[in-house]
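One file, protein_20.txt, is given below (compact mmCIF, C-alpha atoms).
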# COMPACT_ATOMS: atom_id res chain seq x y z
CA MET A 1 22.76 0.76 12.49
CA THR A 2 19.62 2.12 14.15
CA ALA A 3 16.53 3.46 12.38
CA GLU A 4 17.56 7.01 13.28
CA GLU A 5 21.00 6.46 11.75
CA ALA A 6 19.46 4.97 8.62
CA ALA A 7 17.14 7.99 8.31
CA LYS A 8 20.13 10.30 8.69
CA VAL A 9 22.09 8.46 5.97
CA ILE A 10 19.08 8.66 3.62
CA SER A 11 18.55 12.37 4.29
CA GLU A 12 22.25 13.12 3.71
CA ARG A 13 22.32 11.16 0.46
CA PHE A 14 19.02 12.56 -0.90
CA LYS A 15 19.09 16.03 0.66
CA LYS A 16 16.33 17.84 -1.24
CA GLU A 17 13.95 14.89 -1.65
CA VAL A 18 13.74 13.78 1.99
CA SER A 19 12.50 14.96 5.35
CA VAL A 20 12.53 12.97 8.56
CA ALA A 21 9.40 13.07 10.66
CA PRO A 22 9.78 13.33 14.43
CA GLU A 23 10.09 9.97 16.11
CA PHE A 24 6.71 8.73 17.31
CA ARG A 25 6.37 5.87 19.79
CA GLY A 26 9.85 4.63 18.99
CA GLU A 27 9.29 4.49 15.23
CA THR A 28 11.25 6.45 12.66
CA THR A 29 9.59 7.73 9.48
CA VAL A 30 11.28 9.16 6.40
CA ILE A 31 9.08 11.27 4.12
CA VAL A 32 10.16 11.23 0.47
CA GLY A 33 9.05 12.77 -2.80
CA LEU A 34 7.52 10.59 -5.50
CA ASP A 35 10.22 11.52 -8.01
CA SER A 36 12.96 10.01 -5.87
CA LEU A 37 10.96 7.20 -4.24
CA HIS A 38 12.33 4.36 -6.38
CA ALA A 39 15.95 5.50 -6.02
CA ILE A 40 15.57 5.82 -2.24
CA MET A 41 13.93 2.42 -1.94
CA LYS A 42 16.71 0.83 -4.02
CA PHE A 43 19.28 2.56 -1.79
CA CYS A 44 17.52 1.19 1.31
CA ARG A 45 17.63 -2.34 -0.11
CA GLU A 46 21.15 -2.35 -1.54
CA GLU A 47 23.12 -0.01 0.73
CA LEU A 48 21.26 -0.08 4.04
CA ASP A 49 20.34 -3.79 3.95
CA PHE A 50 16.57 -3.40 4.33
CA ASP A 51 15.99 -6.79 2.78
CA TYR A 52 12.42 -7.35 3.97
CA LEU A 53 9.42 -5.36 2.77
CA ILE A 54 6.89 -5.92 5.55
CA ASP A 55 3.97 -4.03 4.02
CA ILE A 56 2.77 -1.31 1.68
CA CYS A 57 -0.42 0.48 2.63
CA SER A 58 -2.14 3.72 1.82
CA VAL A 59 -3.85 6.50 3.73
CA ASP A 60 -6.73 8.66 2.51
CA ASN A 61 -6.38 12.13 4.01
CA MET A 62 -9.61 13.37 2.40
CA GLY A 63 -9.71 17.16 2.44
CA ASP A 64 -5.91 17.53 2.47
CA ASP A 65 -3.73 18.26 -0.52
CA PRO A 66 -2.12 15.92 -1.46
CA ARG A 67 -4.91 13.56 -0.49
CA PHE A 68 -3.17 10.18 -0.37
CA GLU A 69 -0.05 8.72 1.22
CA VAL A 70 1.66 5.47 0.36
CA VAL A 71 3.44 3.95 3.36
CA TYR A 72 6.23 1.38 3.10
CA GLU A 73 7.30 -0.66 6.13
CA LEU A 74 10.89 -1.89 5.76
CA TYR A 75 12.89 -4.24 7.97
CA SER A 76 16.46 -5.49 8.03
CA LEU A 77 16.76 -9.13 8.96
CA THR A 78 20.46 -8.71 9.75
CA THR A 79 20.36 -5.54 11.88
CA HIS A 80 16.76 -5.97 13.16
CA VAL A 81 15.87 -2.38 12.32
CA HIS A 82 12.41 -1.19 11.24
CA LEU A 83 12.00 1.91 9.06
CA ARG A 84 8.89 3.55 7.62
CA ILE A 85 8.99 5.41 4.30
CA LYS A 86 6.05 7.67 3.32
CA ALA A 87 5.31 9.37 0.01
CA SER A 88 2.42 11.76 -0.68
CA VAL A 89 0.29 11.14 -3.76
CA ASP A 90 -1.84 13.82 -5.41
CA GLU A 91 -5.50 12.97 -5.99
CA ASP A 92 -5.33 13.89 -9.69
CA GLU A 93 -2.15 11.96 -10.42
CA ARG A 94 -2.54 8.85 -8.23
CA GLU A 95 0.46 7.11 -9.79
CA VAL A 96 3.48 5.74 -7.97
CA VAL A 97 6.43 3.86 -9.45
CA THR A 98 6.47 0.16 -8.52
CA VAL A 99 9.06 -1.30 -6.17
CA SER A 100 8.27 -4.89 -7.18
CA ASP A 101 11.57 -4.99 -9.06
CA ILE A 102 13.35 -4.35 -5.72
CA TRP A 103 11.17 -6.56 -3.48
CA PRO A 104 9.10 -9.15 -5.40
CA THR A 105 6.60 -9.27 -2.52
CA ALA A 106 5.57 -5.72 -3.41
CA ASP A 107 3.53 -7.26 -6.22
CA TRP A 108 0.68 -8.29 -3.91
CA HIS A 109 0.88 -5.22 -1.67
CA GLU A 110 0.69 -2.83 -4.63
CA ARG A 111 -2.24 -4.72 -6.10
CA GLU A 112 -4.09 -4.38 -2.80
CA VAL A 113 -3.42 -0.62 -2.60
CA TYR A 114 -4.61 -0.27 -6.19
CA ASP A 115 -7.73 -2.34 -5.51
CA MET A 116 -8.75 -0.58 -2.31
CA MET A 117 -7.63 3.03 -3.02
CA GLY A 118 -7.22 3.35 -6.78
CA ILE A 119 -3.54 4.32 -6.61
CA GLU A 120 -1.78 2.94 -9.67
CA PHE A 121 1.80 1.63 -9.72
CA LYS A 122 3.68 2.51 -12.88
CA GLY A 123 5.78 -0.39 -14.16
CA HIS A 124 3.84 -3.06 -12.26
CA LYS A 125 3.64 -6.17 -14.45
CA ASP A 126 0.19 -7.36 -13.38
CA LEU A 127 -1.79 -4.50 -11.83
CA ARG A 128 -5.28 -5.93 -11.46
CA ARG A 129 -7.75 -6.22 -8.62
CA ILE A 130 -6.90 -8.66 -5.88
CA LEU A 131 -9.88 -8.51 -3.48
CA MET A 132 -12.74 -6.95 -5.45
CA TRP A 133 -13.86 -8.39 -8.77
CA GLU A 134 -12.62 -7.02 -12.10
CA GLY A 135 -14.86 -4.22 -13.28
CA TYR A 136 -15.87 -3.11 -9.79
CA PRO A 137 -16.15 0.67 -10.23
CA TYR A 138 -15.31 1.82 -6.69
CA PHE A 139 -12.43 1.82 -4.22
CA PRO A 140 -13.75 0.61 -0.84
CA LEU A 141 -11.11 2.10 1.48
CA ARG A 142 -11.55 5.66 0.29
CA LYS A 143 -13.31 7.86 2.79
CA GLU A 144 -16.18 8.74 0.43
CA PHE A 145 -17.12 5.06 0.12
CA PRO A 146 -20.18 4.48 2.37
CA LEU A 147 -20.06 1.69 4.94
CA ALA A 148 -23.33 0.30 3.58
CA GLY A 149 -21.74 -0.13 0.15
CA LYS A 150 -22.79 1.22 -3.24
CA PRO A 151 -25.13 -0.21 -5.87
CA SER A 152 -23.50 -2.07 -8.73
CA GLU A 153 -24.99 -2.11 -12.22
CA MET A 154 -23.18 -5.21 -13.42
CA PRO A 155 -25.67 -8.11 -13.16
CA ASP A 156 -23.45 -10.48 -15.13
CA VAL A 157 -20.45 -9.88 -12.85
CA ALA A 158 -21.71 -8.97 -9.40
CA PHE A 159 -24.61 -7.67 -7.35
CA THR A 160 -27.22 -5.37 -8.84
CA LYS A 161 -28.28 -3.94 -5.48
CA GLU A 162 -26.12 -2.36 -2.82
CA ALA A 163 -23.09 -4.51 -2.19
CA PRO A 164 -21.99 -3.99 1.39
CA LEU A 165 -18.64 -5.46 2.32
CA GLU A 166 -20.36 -7.60 4.96
CA GLY A 167 -21.78 -10.64 3.22
CA GLY A 168 -20.01 -9.72 -0.03
CA PRO A 169 -18.47 -12.18 -2.44
CA PHE A 170 -15.37 -12.62 -0.25
CA VAL A 171 -16.35 -13.10 3.36
CA THR A 172 -15.00 -14.76 6.46
CA SER A 173 -16.89 -17.13 8.70
CA ALA A 174 -16.26 -15.72 12.17
CA GLY A 175 -17.69 -18.71 14.05
CA ALA A 176 -15.86 -21.32 11.99
CA VAL A 177 -14.14 -24.19 13.76
CA ASP A 178 -10.66 -23.70 12.31
CA THR A 179 -8.55 -21.17 10.44
CA ALA A 180 -9.06 -22.81 7.05
CA ALA A 181 -12.83 -22.41 7.35
CA ARG A 182 -12.48 -18.77 8.51
CA GLU A 183 -10.24 -17.79 5.60
CA PRO A 184 -11.84 -15.32 3.16
CA ARG A 185 -12.96 -17.08 0.01
CA SER A 186 -15.54 -16.79 -2.67
CA ARG A 187 -18.99 -17.90 -1.52
CA ASP A 188 -21.35 -19.41 -4.07
For this file, produce the structure as C-alpha cells.
Amino acid sequence: MTAEEAAKVISERFKKEVSVAPEFRGETTVIVGLDSLHAIMKFCREELDFDYLIDICSVDNMGDDPRFEVVYELYSLTTHVHLRIKASVDEDEREVVTVSDIWPTADWHEREVYDMMGIEFKGHKDLRRILMWEGYPYFPLRKEFPLAGKPSEMPDVAFTKEAPLEGGPFVTSAGAVDTAAREPRSRD
C-alpha cells in the first residue's frame, strides 16, 4: 500500500471528517477533524499497519483561525510508507485527545508540544513540562514569544530577569569534544 492509497482508504472510511491535501514533494497529508482524530489514528495503527509514530509536532499559524495545527508523522515498518496526519486546534480550546494509548512513544511527543505550545492532551497520564521548568508561565515556540526571552518573577524556581533560551537552564555545549558533553542538560 502506498501513502496515497492509505489516504484514500482513510477518506473513504471517515468521509465527512477527512480531507486529503495535495501531494507536496512526494509526501501525502491527511487533514482530520479533532472529533475523529483518535478513531482515525487507531484505524491507521490497527487496520493500515502504521506501527511507528515518528513524531508529533505543532505549528503556530498566528493570525489564522484556527491558530494551531498538531502534526503526526506515521510510518509503517512493514510497508515502508510514510503518512502525515494534521488536525487544526482552536486557540481558545487548545485541547487534543491523547494517542499515547495507541503509540506509547506519544507520551514524550505530547509533553513536548504541551511544553512548547501550550496545547493540552486530554487523557494523557502525565502531562507536565519536559523542557522548561514547572511553573514557567510561557510557551517558547509560540510566535508571540520574543527571541530575547521574557522576564520571570519566580526567584525560587528560575531566573528573575529575562530568560533567553540561549544560556538558559538547559543548554548545549556546541564546542564540546563528544556527543555526551554536547547533550542538553541542566547547568548549575
Give the padded box for region 82-91 of chain A as AutoDock Vina command-line options: axis-aligned, covering all atoms listed in the file, 8 Å on each side, centre and edge lengths in Å to one decimal.
--center_x 3.5 --center_y 6.3 --center_z 2.6 --size_x 33.9 --size_y 31.0 --size_z 33.2
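CA of Val30 (chain A) is found 8.7 Å from CA of Ala87 (chain A).
The coordinates place CA of Arg45 (chain A) at 29.1 Å from CA of Leu141 (chain A).
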Practice problem: Using all atoms listed in the file, find all polymer residues with an atom at most 12 Å away from the point (13.7, -10.3, 11.8); report them as a list in words. | Solution: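 Returned residue set, sorted by chain then number, is Phe50, Asp51, Tyr52, Leu53, Ile54, Leu74, Tyr75, Ser76, Leu77, Thr78, Thr79, His80, Val81 and His82 of chain A.
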Quiz prompt | Interatomic distance (Å, one decimal) between CA of Lys143 (chain A) and CA of Phe121 (chain A) | solution = 20.6 Å
Would you list the contacts of Ser100 (chain A) as a tab-separated table (two decimals) with C-alpha atoms, keeping the file's coordinate frame, taking every protein, DNA or RNA residue within 10 Å and counting all atoms listed in the file, but skipping same-chain residues closer than 5 positions in sequence?
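Okay, this is what ended up in selection.tsv:
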chain	number	residue	atom	x	y	z
A	105	THR	CA	6.60	-9.27	-2.52
A	106	ALA	CA	5.57	-5.72	-3.41
A	107	ASP	CA	3.53	-7.26	-6.22
A	108	TRP	CA	0.68	-8.29	-3.91
A	109	HIS	CA	0.88	-5.22	-1.67
A	110	GLU	CA	0.69	-2.83	-4.63
A	121	PHE	CA	1.80	1.63	-9.72
A	123	GLY	CA	5.78	-0.39	-14.16
A	124	HIS	CA	3.84	-3.06	-12.26
A	125	LYS	CA	3.64	-6.17	-14.45
Practice problem: Tell me which protein, DNA and RNA residues are within 6 Å of region 16-29 of chain A, counting all atoms listed in the file, leaving out same-chain ones fewer than 4 positions away, and put them as a VMD selection string. | Solution: chain A and resid 11 33 83 to 85
Practice problem: Using all atoms listed in the file, find the one residue out of A:Glu144, A:Asp126, A:Asp49, A:Asp115 that sits nearest to Met62 (chain A). | Solution: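 Going through A:Glu144, A:Asp126, A:Asp49, A:Asp115 one by one, the smallest distance to Met62 (chain A) is for A:Glu144.
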